[in-house]
Number of protein chains: 2
Amino acid sequence: MSIESTPAAATAAADFLPLLLALAILIASAKLVGSLSVRLGQPAVLGELIAGLLLGPTFLNLTSLPLLEGPDLGRVLHQLGQLGVLWLMFAAGLEAELDDLRRSGKPALLAGILGVVTPMLLGLGVGLVFRYPLQDALFIGLTLSATSVSISAQTLLELNRLRSKEGAALLGAAVIDDILVIILLSLVVAMVGGGAGLTGILLQLGRMLAVLLLVGLASVYLLPRVAEWGMRLRVSEGLLALVLSCVLLLGWAAEFGGGVAAITGAFVAGVGLGRSHLREEVERALHPLAYGFFVPLFLVDIGLQADIRSLGSGAVLFTLVLILIAIVSKVLGSGLGARLGGFAGRQAFRVGLGMISRGEVGLIVAGVGVAEGLLAPEEFTVVVLMVIVTTLVTPPLLRLAFSRKEGADAAVG
Amino acid sequence: MSIESTPAAATAAADFLPLLLALAILIASAKLVGSLSVRLGQPAVLGELIAGLLLGPTFLNLTSLPLLEGPDLGRVLHQLGQLGVLWLMFAAGLEAELDDLRRSGKPALLAGILGVVTPMLLGLGVGLVFRYPLQDALFIGLTLSATSVSISAQTLLELNRLRSKEGAALLGAAVIDDILVIILLSLVVAMVGGGAGLTGILLQLGRMLAVLLLVGLASVYLLPRVAEWGMRLRVSEGLLALVLSCVLLLGWAAEFGGGVAAITGAFVAGVGLGRSHLREEVERALHPLAYGFFVPLFLVDIGLQADIRSLGSGAVLFTLVLILIAIVSKVLGSGLGARLGGFAGRQAFRVGLGMISRGEVGLIVAGVGVAEGLLAPEEFTVVVLMVIVTTLVTPPLLRLAFSRKEGADAAVG
């Protein structure tokens with residue numbers, strides 16, 4: 001009856017205690033390695049990913065350590081991380097400046113479109129050459145399409161070139177990129193999920209579009225009113241609580257009703273609320289919740305899911321080729337787009353370089369692929385490595401391209 | 001192969017989708033009913049509890065509805081709610097104004113002590129009379145001890161009497177009450193967990209005190225430094241992320257190392273950081289995270305766990321007696337304490353009335369009791385009802401006691 005070494009408190013709460021310890025380790029590691037990464041001139045995301053890899057099965061294998069063996073600890077952590085993605089995509093929607101896009105115009109539009117299509121097609125091709133099934137190859141192509149411009153934006157900011165013509169085009173192209181990738185992701189998920197037959201696919205597509213339209217209308221017309229209502233509630237954080245509830249509901253509705261990924265619903269909710277005057281108020285409350293707790297969990301959870309050790313020798317060649325294709329296809333596609341949009345060769349090249357780095361969105365796409373069973377775990381690991389390498393090479397390449405002495409022409413725009 | 005009505009997206013993510021919908025419903029309901037409650041002159045906590053009761057097994061039984069049947073949805077919701085308690089107790093620690101206490105002095109101290117001891121002993125007695133086991137009766141007594149002064153403070157604020165002598169004594173007594181209950185909770189858990197024999201209990205007590213001392217030292221000396229470090233991190237929300245990690249870690253350490261409830265560790269962490277100049281910064285970031293997401297989940301989760309229908313006819317009498325004892329014992333205990341501290345009879349009576357309402361802390365204590373297997377589910381339900389009724393009666397009683405014409409004497413202090 002009396003087991004002095006394990007008091008009742010420790011045994012009965014066995015489920016909850018490993019969660020506390022794991023959360024403490026994961027969040028602190030993410031932020032500490034993330035900060036180290038920034039100090040080394042790299043984006044924080046990179047450090048948070050690497051923290052996850054160090055804690056994951058590749059090295060430490062955290063969730064199998066003695067004090068951290070909960071029966072479903074890994075699953076709870078993953079669910080918390082997935083909530084983080086939802087907040088992240090909602091925040092991205094809030095920030096999607098459709099005006100930026102209009103200002104930077106044709107080069108941005110073409111750089112965005114060709115910068116998505118080229119990697120998508122080349123990635124699909126490489127996947128097929130390496131004999132992956134069609135749906136896996138499609139998903140691999142999709143993960144190659146998703147630029148994360150925050151890394152380039154930060155680099156240009158440091159170089160004092162963010163307000164150059166190239167900088168504006170880059171930001172505009174990134175918005176196009178985000179929107180196209182989200183649409184393509186929903187299409188791919190819906191097509192694969194819809195089963196065989198053209199009728200099935202068309203039905204599924206129609207249903208998807210209908211649900212997206214409804215979610216969009218609700219986001220633009222209802223969500224701002226609900227937010228107003230939340231402001232008037234006589235409870236603390238009423239605004240944030242109601243807005244989060246709506247994001248959860250719209251994400252749920254998108255996926256449940258239309259087979260669209262829940263994150264698409266969250267993104268659309270963000271775009272809808274982004275036009276409201278309450279946007280800044282919502283962002284101020286969302287920020288600590290998202291970046292102080294959930295988003296770091298999402299980023300380290302990616303590392304927890306990736307296992308570099310499990311990559312066979314065949315995958316090493318595939319990884320190297322895919323990384324090369326990821327870099328070349330963006331420079332070619334986005335660069336060509338900017339050139340066709342009227343930029344000079346050197347300027348267009350710089351835009352292409354700025355689009356190389358992949359980040360959150362590519363990882364989110366890959367995560368959806370794994371969750372839907374459309375992407376194998378080792379392909380997920382390859383995508384994580386691709387994101388890490390493209391993120392690593394972008395800042396030095398950009399610095400090099402902008403540091404040439406004829407850089408002055410760039411500051412005209 | 002093609003099941004048009006359930007696209008892959010909906011089936012593969014079957015685990016996650018019910019969670020999204022449930023969170024949306026729970027958070028929105030908590031805040032809406034909470035706000036309604038405030039409009040009706042009651043505290044928000046009351047509405048949030050009632051929202052939980054409506055959604056719980058007593059009425060709707062949310063987690064067994066068609067779209068919400070996840071395999072372990074209830075457990076994940078409970079874990080999120082438990083994280084909410086941790087943030088709540090940390091926030092309570094941050095706000096524990098030890099200075100308030102000093103100012104209100106002797107009447108506050110005695111009202112606090114006698115206001116804990118009297119309900120504890122009377123509750124224990126009632127529990128034993130109704131033939132509950134000793135440990136259950138002890139826990140029932142403990143839940144009767146935990147005042148929630150926020151309700152009375154709000155009422156006095158509306159009456160413009162918060163800065164009266166009674167108001168100051170009430171706030172001071174509430175701090176004493178919180179601290180005593182937390183200590184008693186840890187003692188009860190440790191004693192029951194330590195098994196049979198005086199040596200076992202003494203060993204366990206020593207270990208508990210040692211761990212609490214370590215957690216306290218870490219909270220006072222290390223935590224503010226970690227927070228400073230978090231401020232300097234070059235990542236977003238570095239301060240909040242590191243502080244939350246420390247709260248999780250200290251909570252874990254208290255429970256794992258000493259058999260003390262994790263919330264005690266979180267409370268101590270709050271008291272430690274509350275003396276730092278970063279306190280307000282931490283509170284500003286913690287507030288949306290806690291009150292916009294986790295705390296409403298904690299409060300509705302209480303309702304999800306309580307099942308009034310399951311109360312047998314014997315329990316009805318017990319519930320009524322316990323509620324009566326809860327009210328009488330506080331008025332007597334705290335009133336006597338204030339009187340002994342030098343207050344006039346009427347003033348002392350008002351302090352006693354202000355201490356009647358129970359709230360979060362009582363529910364937290366009851367929750368720990370259930371988690372440790374020291375409190376049966378139906379006893380938990382009785383405690384929830386006791387909290388609801390005591391909360392309901394306090395504002396009108398206070399208004400009545402203060403509205404008498406000789407109220408002027410109260411504004412002297």
# chains A, B, ... in the order shown; residues from 1 in each chain; ligands from 1
$ residues_around --residues "Leu250 of chain A" --least-positions-apart "4" --cutoff "12 Å" --atoms "only C-alpha atoms" --output "ChimeraX atom specification"
/A:86,90,211-220,222-223,243-246,254-258,260-270,272 /B:17,20-21,24-25
$ write_last_selection --atoms "N, CA and C atoms" --output "tab-separated table (two decimals), in the first residue's frame"
chain	number	residue	atom	x	y	z
A	86	LEU	N	-2.92	26.38	-37.33
A	86	LEU	CA	-4.17	27.09	-37.57
A	86	LEU	C	-4.02	28.57	-37.23
A	90	PHE	N	-4.01	31.71	-39.87
A	90	PHE	CA	-4.94	32.82	-39.62
A	90	PHE	C	-4.16	34.13	-39.58
A	211	VAL	N	-18.15	25.19	-50.54
A	211	VAL	CA	-17.82	25.38	-49.12
A	211	VAL	C	-16.86	26.54	-48.94
A	212	LEU	N	-15.86	26.62	-49.84
A	212	LEU	CA	-14.91	27.73	-49.74
A	212	LEU	C	-15.60	29.07	-49.91
A	213	LEU	N	-16.57	29.11	-50.83
A	213	LEU	CA	-17.32	30.35	-51.05
A	213	LEU	C	-18.07	30.73	-49.78
A	214	LEU	N	-18.72	29.74	-49.16
A	214	LEU	CA	-19.46	30.00	-47.92
A	214	LEU	C	-18.52	30.47	-46.81
A	215	VAL	N	-17.39	29.76	-46.67
A	215	VAL	CA	-16.42	30.15	-45.64
A	215	VAL	C	-15.91	31.56	-45.91
A	216	GLY	N	-15.67	31.87	-47.19
A	216	GLY	CA	-15.20	33.20	-47.56
A	216	GLY	C	-16.24	34.27	-47.23
A	217	LEU	N	-17.49	34.01	-47.58
A	217	LEU	CA	-18.55	34.98	-47.29
A	217	LEU	C	-18.69	35.19	-45.78
A	218	ALA	N	-18.66	34.08	-45.05
A	218	ALA	CA	-18.76	34.19	-43.59
A	218	ALA	C	-17.60	35.00	-43.03
A	219	SER	N	-16.40	34.79	-43.60
A	219	SER	CA	-15.21	35.48	-43.10
A	219	SER	C	-15.29	36.98	-43.37
A	220	VAL	N	-15.82	37.34	-44.53
A	220	VAL	CA	-15.84	38.76	-44.90
A	220	VAL	C	-17.02	39.48	-44.23
A	222	LEU	N	-19.58	37.99	-41.82
A	222	LEU	CA	-20.01	37.65	-40.46
A	222	LEU	C	-18.90	37.84	-39.43
A	223	LEU	N	-17.69	37.38	-39.77
A	223	LEU	CA	-16.60	37.37	-38.80
A	223	LEU	C	-16.33	38.76	-38.18
A	243	VAL	N	-13.08	35.28	-31.67
A	243	VAL	CA	-12.40	35.17	-32.96
A	243	VAL	C	-11.75	33.79	-33.10
A	244	LEU	N	-11.08	33.33	-32.05
A	244	LEU	CA	-10.48	31.99	-32.11
A	244	LEU	C	-11.55	30.93	-32.35
A	245	SER	N	-12.67	31.06	-31.67
A	245	SER	CA	-13.75	30.10	-31.86
A	245	SER	C	-14.18	30.08	-33.33
A	246	CYS	N	-14.29	31.27	-33.94
A	246	CYS	CA	-14.70	31.34	-35.34
A	246	CYS	C	-13.64	30.72	-36.26
A	254	ALA	N	-14.47	24.06	-43.35
A	254	ALA	CA	-13.80	23.89	-44.64
A	254	ALA	C	-13.43	22.42	-44.85
A	255	GLU	N	-12.88	21.81	-43.80
A	255	GLU	CA	-12.41	20.44	-43.95
A	255	GLU	C	-13.57	19.44	-43.90
A	256	PHE	N	-14.46	19.65	-42.98
A	256	PHE	CA	-15.56	18.69	-42.84
A	256	PHE	C	-16.54	18.80	-44.00
A	257	GLY	N	-16.85	20.04	-44.38
A	257	GLY	CA	-17.87	20.23	-45.41
A	257	GLY	C	-17.36	20.07	-46.82
A	258	GLY	N	-16.10	20.43	-47.06
A	258	GLY	CA	-15.64	20.45	-48.44
A	258	GLY	C	-14.38	19.67	-48.71
A	260	VAL	N	-11.60	20.51	-47.90
A	260	VAL	CA	-10.51	21.47	-48.01
A	260	VAL	C	-9.74	21.42	-46.69
A	261	ALA	N	-8.42	21.63	-46.74
A	261	ALA	CA	-7.66	21.59	-45.49
A	261	ALA	C	-8.17	22.66	-44.53
A	262	ALA	N	-8.20	22.31	-43.24
A	262	ALA	CA	-8.69	23.26	-42.23
A	262	ALA	C	-7.89	24.56	-42.25
A	263	ILE	N	-6.58	24.45	-42.56
A	263	ILE	CA	-5.75	25.67	-42.56
A	263	ILE	C	-6.22	26.64	-43.63
A	264	THR	N	-6.79	26.13	-44.72
A	264	THR	CA	-7.31	27.03	-45.76
A	264	THR	C	-8.44	27.86	-45.19
A	265	GLY	N	-9.31	27.21	-44.42
A	265	GLY	CA	-10.40	27.95	-43.78
A	265	GLY	C	-9.86	29.01	-42.84
A	266	ALA	N	-8.80	28.66	-42.09
A	266	ALA	CA	-8.21	29.62	-41.16
A	266	ALA	C	-7.59	30.80	-41.91
A	267	PHE	N	-6.94	30.49	-43.03
A	267	PHE	CA	-6.31	31.55	-43.84
A	267	PHE	C	-7.39	32.49	-44.38
A	268	VAL	N	-8.46	31.92	-44.93
A	268	VAL	CA	-9.56	32.73	-45.47
A	268	VAL	C	-10.17	33.59	-44.36
A	269	ALA	N	-10.33	33.01	-43.18
A	269	ALA	CA	-10.84	33.78	-42.04
A	269	ALA	C	-9.95	34.98	-41.77
A	270	GLY	N	-8.63	34.78	-41.85
A	270	GLY	CA	-7.68	35.87	-41.62
A	270	GLY	C	-7.83	36.96	-42.67
A	272	GLY	N	-10.44	37.63	-44.40
A	272	GLY	CA	-11.72	38.31	-44.18
A	272	GLY	C	-11.64	39.32	-43.05
B	17	LEU	N	-10.47	16.79	-36.21
B	17	LEU	CA	-11.67	17.58	-36.52
B	17	LEU	C	-12.62	17.74	-35.34
B	20	LEU	N	-11.39	20.47	-33.08
B	20	LEU	CA	-11.62	21.83	-33.55
B	20	LEU	C	-13.05	22.29	-33.22
B	21	LEU	N	-14.00	21.45	-33.57
B	21	LEU	CA	-15.40	21.82	-33.35
B	21	LEU	C	-15.70	21.98	-31.86
B	24	ALA	N	-14.21	25.18	-30.48
B	24	ALA	CA	-15.00	26.34	-30.92
B	24	ALA	C	-16.25	26.49	-30.06
B	25	ILE	N	-16.97	25.40	-29.88
B	25	ILE	CA	-18.22	25.45	-29.11
B	25	ILE	C	-17.95	25.80	-27.65
$ residues_around --residues "segment 102-112 of chain B" --least-positions-apart "2" --cutoff "8 Å" --atoms "only C-alpha atoms" --output "number ranges by chain"
B: 98-100, 114-116, 165, 168-177, 333-343, 351-352
$ write_last_selection --atoms "C-alpha atoms" --output "mmCIF file, in the first residue's frame"
data_model
loop_
_atom_site.group_PDB
_atom_site.id
_atom_site.type_symbol
_atom_site.label_atom_id
_atom_site.label_comp_id
_atom_site.auth_asym_id
_atom_site.auth_seq_id
_atom_site.Cartn_x
_atom_site.Cartn_y
_atom_site.Cartn_z
ATOM 1 C CA LEU B 98 1.771 40.689 -0.001
ATOM 2 C CA ASP B 99 1.746 44.435 0.669
ATOM 3 C CA ASP B 100 -2.074 44.593 0.735
ATOM 4 C CA LEU B 114 -10.303 31.414 10.989
ATOM 5 C CA GLY B 115 -12.070 31.629 7.614
ATOM 6 C CA VAL B 116 -10.045 28.649 6.450
ATOM 7 C CA LYS B 165 -11.911 49.162 5.894
ATOM 8 C CA ALA B 168 -9.107 46.149 2.536
ATOM 9 C CA ALA B 169 -9.588 43.416 5.147
ATOM 10 C CA LEU B 170 -11.400 41.291 2.573
ATOM 11 C CA LEU B 171 -8.583 41.520 0.033
ATOM 12 C CA GLY B 172 -5.979 40.800 2.690
ATOM 13 C CA ALA B 173 -7.924 37.857 4.108
ATOM 14 C CA ALA B 174 -8.278 36.445 0.599
ATOM 15 C CA VAL B 175 -4.501 36.359 0.121
ATOM 16 C CA ILE B 176 -4.108 34.514 3.444
ATOM 17 C CA ASP B 177 -6.919 32.202 2.405
ATOM 18 C CA GLY B 333 -15.072 31.978 10.883
ATOM 19 C CA SER B 334 -14.047 35.094 8.972
ATOM 20 C CA GLY B 335 -16.457 37.284 10.913
ATOM 21 C CA LEU B 336 -15.075 36.073 14.233
ATOM 22 C CA GLY B 337 -11.539 36.592 12.953
ATOM 23 C CA ALA B 338 -12.253 40.187 11.915
ATOM 24 C CA ARG B 339 -13.985 40.827 15.263
ATOM 25 C CA LEU B 340 -11.011 39.452 17.183
ATOM 26 C CA GLY B 341 -8.798 41.629 14.989
ATOM 27 C CA GLY B 342 -10.588 44.720 16.273
ATOM 28 C CA PHE B 343 -13.499 45.306 13.880
ATOM 29 C CA VAL B 351 -16.196 40.825 6.030
ATOM 30 C CA GLY B 352 -17.681 37.402 6.773
#
$ atom_distance --atom1 "atom CA of Leu375 of chain B" --atom2 "atom CA of Thr143 of chain B"
10.8 Å
$ select_by_dssp --residues "segment 91-264 of chain B" --states "alpha helix (DSSP H)" --output "ChimeraX atom specification"
/B:91-95,98-129,134-145,150-158,165-193,198-217,223-232,238-258,262-264
$ atom_distance --atom1 "atom CA of Leu304 of chain B" --atom2 "atom CA of Val383 of chain B"
13.9 Å
$ residues_around --residues "Arg39 of chain A" --least-positions-apart "4" --cutoff "12 Å" --atoms "only C-alpha atoms" --output "PyMOL selection string"
(chain A and resi 32-35+43-44+46-47) or (chain B and resi 232-235)
$ write_last_selection --atoms "C-alpha atoms" --output "tab-separated table (two decimals), in the first residue's frame"
chain	number	residue	atom	x	y	z
A	32	LEU	CA	16.62	29.35	-27.45
A	33	VAL	CA	17.86	27.68	-30.65
A	34	GLY	CA	15.64	30.05	-32.65
A	35	SER	CA	17.31	33.04	-31.02
A	43	PRO	CA	15.85	33.18	-39.46
A	44	ALA	CA	14.35	31.99	-36.17
A	46	LEU	CA	15.46	27.57	-38.97
A	47	GLY	CA	16.63	27.29	-35.37
B	232	ARG	CA	16.78	39.65	-24.73
B	233	LEU	CA	16.07	36.66	-26.99
B	234	ARG	CA	15.79	37.65	-30.64
B	235	VAL	CA	12.57	35.75	-31.27
$ residues_around --residues "Leu297 of chain A" --least-positions-apart "2" --cutoff "12 Å" --atoms "only C-alpha atoms" --output "PyMOL selection string"
(chain A and resi 22-31+45+48-49+51-52+74+76-85+87-88+289-295+299-304) or (chain B and resi 241+245)
$ write_last_selection --atoms "C-alpha atoms" --output "CSV table (one decimal), in the first residue's frame"
chain,number,residue,atom,x,y,z
A,22,ALA,CA,7.8,17.9,-22.5
A,23,LEU,CA,6.1,21.2,-23.1
A,24,ALA,CA,8.7,23.0,-21.0
A,25,ILE,CA,11.6,21.4,-22.8
A,26,LEU,CA,10.1,21.9,-26.3
A,27,ILE,CA,9.1,25.5,-26.0
A,28,ALA,CA,12.3,26.6,-24.3
A,29,SER,CA,14.5,24.7,-26.8
A,30,ALA,CA,12.6,26.1,-29.8
A,31,LYS,CA,13.0,29.7,-28.6
A,45,VAL,CA,12.3,29.3,-38.0
A,48,GLU,CA,13.2,26.1,-34.2
A,49,LEU,CA,13.2,23.4,-36.9
A,51,ALA,CA,15.8,22.2,-32.2
A,52,GLY,CA,13.0,19.8,-33.2
A,74,GLY,CA,3.3,12.4,-28.9
A,76,VAL,CA,-1.2,15.4,-27.8
A,77,LEU,CA,1.9,17.4,-28.7
A,78,HIS,CA,1.1,17.0,-32.4
A,79,GLN,CA,-2.5,18.2,-31.8
A,80,LEU,CA,-1.2,21.3,-30.0
A,81,GLY,CA,1.2,21.9,-32.9
A,82,GLN,CA,-1.6,21.6,-35.4
A,83,LEU,CA,-3.6,24.2,-33.4
A,84,GLY,CA,-0.4,26.3,-33.9
A,85,VAL,CA,-0.6,25.9,-37.7
A,87,TRP,CA,-3.2,30.3,-35.7
A,88,LEU,CA,-0.2,30.7,-38.0
A,289,LEU,CA,-0.9,33.0,-27.7
A,290,ALA,CA,0.5,31.9,-31.1
A,291,TYR,CA,4.2,32.7,-30.8
A,292,GLY,CA,4.6,32.2,-27.1
A,293,PHE,CA,3.1,28.8,-27.0
A,294,PHE,CA,1.5,27.1,-30.0
A,295,VAL,CA,3.7,28.0,-33.0
A,299,LEU,CA,7.9,23.9,-35.5
A,300,VAL,CA,9.6,21.5,-33.0
A,301,ASP,CA,6.9,18.9,-33.7
A,302,ILE,CA,8.1,18.9,-37.3
A,303,GLY,CA,11.5,17.8,-36.1
A,304,LEU,CA,9.9,15.3,-33.8
B,241,ALA,CA,7.8,31.4,-23.9
B,245,SER,CA,8.4,26.9,-19.8
$ atom_distance --atom1 "atom CA of Ala366 of chain A" --atom2 "atom CA of Gly125 of chain A"
17.5 Å
$ closest_residue --among "A:Val192, A:Leu94, A:Leu60, A:Ile183" --to "chain B" --atoms "only C-alpha atoms"
A:Val192
$ residues_around --residues "segment 310-324 of chain A" --least-positions-apart "4" --cutoff "12 Å" --atoms "only C-alpha atoms" --output "PyMOL selection string"
chain A and resi 57-59+119-120+122-132+137+140-141+143-144+305-306+328-331+356-358+376-393
$ residues_around --residues "His277 of chain B" --least-positions-apart "5" --cutoff "12 Å" --atoms "only C-alpha atoms" --output "VMD selection string"
chain B and resid 94 224 to 225 227 to 228 231 272 282 to 283
$ closest_residue --among "B:Ser164, B:Thr199, B:Thr394, B:Asn61" --to "chain A" --atoms "only C-alpha atoms"
B:Thr199
$ closest_residue --among "B:Ile182, B:Leu54, B:Leu353, B:Val368" --to "chain A" --atoms "only C-alpha atoms"
B:Val368
